[in-house]
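Here's the structure, in structure tokens; my notes come after.
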Amino acid sequence: MINRRELLKLSGVASLASLLPSSFMRAAAPAASKGPFRFCLNTSTISGQKPGLLQYIDIAAKAGYDGVELWMMDIKDYLAKGNTLQSLADLIKAKGITVEDTISFTTWMVDDDTQRKAGLAELEDEMKIVSALGCRRIAAPPSGIKAGTPINVERAGERYHEILQLGRKYNVMPLLEFWGASNTLYKFGQALAIAAAANDTEARILPDVYHMFRGGSGFNCLQLVNGKVIDIIHINDYPGNKAVQDQTDSDRVYPGDGVAPLKQILQSLKAMGGTKVLSLELFNQAYWKQDALLVATTGLQKMKRLVNEVMAER
């Protein structure tokens with residue numbers, strides 16, 4: 001798999017230009033939905049089966065999802081094997097699916113200047129690639145920050161504003177993501193404070209049901225924000241028979257199979273206004289042993305069942 005140093009070489013002006021489709025920076029934005037929810041498959045859900053990037057997209061389309069959430073490492077690996085962005089963009093278009101978001105791990109928030117500059121350069125390279133695929137979002141978690149390091153909200157806000165400015169160049173906006181077990185940026189309230197400190201109308205937060213539970217955010221906090229703050233949310237569930245501090249990503253289960261207050265969460269999202277992308281993100285090793293299409297289809301059915309129940313309420 002291509003590493004960061006190789007990507008920087010790959011995405012130099014000449015090399016990157018050869019990978020970009022002719023429609024670079026002119027890719028159409030995803031079609032607007034008239035309903036409050038769109039359904040998306042985060043490819044982590046079936047990553048254990050190792051189907052590969054093209055099959056991720058094919059499976060999501062066959063299962064009936066509106067969109068897919070891809071991981072940058074999979075896209076980079078695809079390109080490192082000699083494939084082009086044009087071929088990937090063509091496949092996505094042919095499948096009638098959109099790339100709603102991309103999962104990235106750049107060091108844009110760290111204090112070390114050299115590491116942060118390298119992270120910013122990598123993030124810009126990724127934004128160019130993502131834009132060529134018609135995707136308008138990229139995850140921006142606190143990658144590279146040592147676990148337990150306190151977050152300086154004002155400084156983080158300034159750095160988030162910096163990457164929002166960068167995103168405007170490519171129409172790919174970074175979503176501020178928090179990790180519940182990190183003890184750094186691990187709560188919704190911290191992310192909200194950083195978004196406010198950025199003082200930017202494009203500031204967005206990427207919440208995750210598991211991370212809100214694991215980090216102790218709770219879910220009533222969702223009622224404090226309007227429709228512009230959240231575009232997409234990672235949907236999953238967690239079991240009630242295991243202490244919160246003992247739960248890991250692999251404990252995530254299908255929506256409705258655990259004890260998360262998912263109806264309350266969906267009601268809060270609906271009340272915000274706008275269209276919310278519900279992206280199924282699981283890392284369950286038991287599911288990874290099953291047929292990938294079956295897992296993707298089951299997850300979508302369970303999400304739709306919950307949404308239908310919420311939509312039927314007055």
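By convention here, the chains of the structure tokens are called A, B, ... in the order presented, each chain's residues are numbered starting at 1, and ligands are numbered starting at 1 in the order presented.
Near Asn220 of chain A, within 10 Å and counting only C-alpha atoms, sit Leu224, Gln264, Ile265 and Ser268 of chain A, not including residues fewer than 4 positions from it in the same chain.
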Output of the above residues as a compact mmCIF listing (two decimals), in the first residue's frame, restricted to C-alpha atoms:
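Final file, result18.txt:
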# COMPACT_ATOMS: atom_id res chain seq x y z
CA LEU A 224 -28.23 22.09 20.34
CA GLN A 264 -34.03 9.74 19.53
CA ILE A 265 -30.92 10.38 17.45
CA SER A 268 -32.93 15.03 16.53
List the spatial neighbours of Glu69 of chain A as a ChimeraX atom specification - criterion: any atom at most 7 Å away, only C-alpha atoms, same-chain residues fewer than 4 positions off excluded. /A:40-43,99-102
As a PyMOL selection string, list the residues of segment 18-219 of chain A assigned to strand (DSSP E) by DSSP on the backbone atoms of this structure. chain A and resi 37-42+67-71+98-103+137-140+173-177+205-206
Which residues come within 9 Å of Gly218 of chain A, counting only C-alpha atoms, excluding same-chain residues fewer than 5 positions away, as a PyMOL selection string? chain A and resi 187-188+212-213
Take the residues from that selection and write them out as a PDB file, in the first residue's frame, keeping N, CA and C atoms.
ATOM      1  N   LYS A 187     -15.081  14.274  22.527  1.00  0.00           N
ATOM      2  CA  LYS A 187     -16.469  14.597  22.841  1.00  0.00           C
ATOM      3  C   LYS A 187     -17.068  15.545  21.805  1.00  0.00           C
ATOM      4  N   PHE A 188     -18.359  15.417  21.637  1.00  0.00           N
ATOM      5  CA  PHE A 188     -19.090  16.298  20.724  1.00  0.00           C
ATOM      6  C   PHE A 188     -18.921  17.752  21.154  1.00  0.00           C
ATOM      7  N   MET A 212     -19.846   8.823  20.297  1.00  0.00           N
ATOM      8  CA  MET A 212     -20.593   9.651  21.251  1.00  0.00           C
ATOM      9  C   MET A 212     -20.847   8.871  22.541  1.00  0.00           C
ATOM     10  N   PHE A 213     -21.115   7.585  22.404  1.00  0.00           N
ATOM     11  CA  PHE A 213     -21.294   6.710  23.564  1.00  0.00           C
ATOM     12  C   PHE A 213     -19.966   6.477  24.282  1.00  0.00           C
TER      13      PHE A 213
END
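Counting only C-alpha atoms, Ala147 of chain A has the following residues at most 8 Å away, ignoring those fewer than 3 positions along the same chain: A:Ser182, A:Asn183, A:Thr184.
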Residue contacts of Ile235 of chain A (9 Å, only C-alpha atoms) excluding same-chain residues fewer than 6 positions away, as an mmCIF file with N, CA and C atoms, in the first residue's frame:
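Output below, filename part.cif:
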data_model
loop_
_atom_site.group_PDB
_atom_site.id
_atom_site.type_symbol
_atom_site.label_atom_id
_atom_site.label_comp_id
_atom_site.auth_asym_id
_atom_site.auth_seq_id
_atom_site.Cartn_x
_atom_site.Cartn_y
_atom_site.Cartn_z
ATOM 1 N N PRO A 207 -20.204 13.370 13.537
ATOM 2 C CA PRO A 207 -20.425 12.546 14.729
ATOM 3 C C PRO A 207 -20.557 11.074 14.379
ATOM 4 N N ASP A 208 -20.469 10.249 15.399
ATOM 5 C CA ASP A 208 -20.542 8.799 15.258
ATOM 6 C C ASP A 208 -21.244 8.280 16.507
ATOM 7 N N VAL A 209 -22.271 7.468 16.335
ATOM 8 C CA VAL A 209 -23.043 6.978 17.485
ATOM 9 C C VAL A 209 -22.131 6.289 18.500
ATOM 10 N N TYR A 210 -21.259 5.408 18.019
ATOM 11 C CA TYR A 210 -20.359 4.696 18.931
ATOM 12 C C TYR A 210 -19.435 5.669 19.658
ATOM 13 N N TYR A 254 -25.186 -3.950 14.254
ATOM 14 C CA TYR A 254 -26.167 -3.327 13.360
ATOM 15 C C TYR A 254 -27.082 -2.364 14.130
ATOM 16 N N PRO A 255 -27.506 -1.290 13.489
ATOM 17 C CA PRO A 255 -28.467 -0.381 14.108
ATOM 18 C C PRO A 255 -29.738 -1.113 14.526
ATOM 19 N N LEU A 262 -31.366 5.131 19.117
ATOM 20 C CA LEU A 262 -31.284 5.533 17.711
ATOM 21 C C LEU A 262 -32.503 6.303 17.235
ATOM 22 N N LEU A 278 -26.853 9.092 6.446
ATOM 23 C CA LEU A 278 -26.651 8.075 7.473
ATOM 24 C C LEU A 278 -25.679 7.046 6.916
ATOM 25 N N SER A 279 -24.453 7.044 7.425
ATOM 26 C CA SER A 279 -23.413 6.165 6.895
ATOM 27 C C SER A 279 -23.159 5.025 7.866
ATOM 28 N N LEU A 280 -23.424 3.812 7.432
ATOM 29 C CA LEU A 280 -23.236 2.618 8.263
ATOM 30 C C LEU A 280 -21.746 2.331 8.409
ATOM 31 N N GLU A 281 -21.222 2.492 9.630
ATOM 32 C CA GLU A 281 -19.804 2.236 9.871
ATOM 33 C C GLU A 281 -19.653 1.224 11.000
ATOM 34 N N LEU A 282 -19.260 0.017 10.626
ATOM 35 C CA LEU A 282 -19.056 -1.079 11.568
ATOM 36 C C LEU A 282 -17.667 -1.667 11.380
ATOM 37 N N MET A 303 -31.271 0.086 8.998
ATOM 38 C CA MET A 303 -31.326 1.546 9.045
ATOM 39 C C MET A 303 -32.665 2.047 8.524
#
Polymer residues at most 10 Å from segment 50-52 of chain A, only C-alpha atoms, same-chain spacing of 6 or more positions, as a list in words: Thr43, Ser44, Asp58, Ile59, Asp74, Ile75, Asp77, Tyr78, Trp288 and Ala292 of chain A
So which residues touch Phe178 of chain A within 8 Å, counting only C-alpha atoms, skipping near sequence neighbours fewer than 5 positions away, as a PyMOL selection string? chain A and resi 141-142+185-188+191+206-207+211
Restrict the selected residues to C-alpha atoms and save them as a compact mmCIF listing (two decimals), in the first residue's frame.
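Generated output (again.txt):
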# COMPACT_ATOMS: atom_id res chain seq x y z
CA PRO A 141 -9.95 13.63 12.77
CA PRO A 142 -7.19 14.49 15.30
CA LEU A 185 -10.64 15.21 20.87
CA TYR A 186 -13.23 12.73 22.12
CA LYS A 187 -16.47 14.60 22.84
CA PHE A 188 -19.09 16.30 20.72
CA ALA A 191 -15.77 19.48 18.47
CA LEU A 206 -18.80 14.39 11.78
CA PRO A 207 -20.42 12.55 14.73
CA HIS A 211 -17.91 7.54 19.57
Rounded to one decimal, what separation in Å do you get between atom CA of Ser143 of chain A and atom CA of Thr107 of chain A?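 Going from atom CA of Ser143 of chain A over to atom CA of Thr107 of chain A, I get 5.3 Å.
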Taking the DSSP assignment computed from this structure's backbone, write out as a PyMOL selection string all residues of segment 81-306 of chain A that belong to helix (DSSP H, G or I). chain A and resi 85-94+113-132+153-170+188-198+209-214+220-224+244-246+249-251+262-272+285-288+292-306
How many Å separate atom CA of Ala196 of chain A from atom CA of Ala121 of chain A? 24.6 Å
In Å, rounded to a single decimal, give me how far atom CA of Gly180 of chain A is from atom CA of Asp246 of chain A.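 So the two atoms, atom CA of Asp246 of chain A and atom CA of Gly180 of chain A, lie 12.1 Å apart.
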Nearest-residue call for Lys146 of chain A, choices A:Ala118, A:Val307, A:Ala132, A:Met109, using only C-alpha atoms: A:Met109
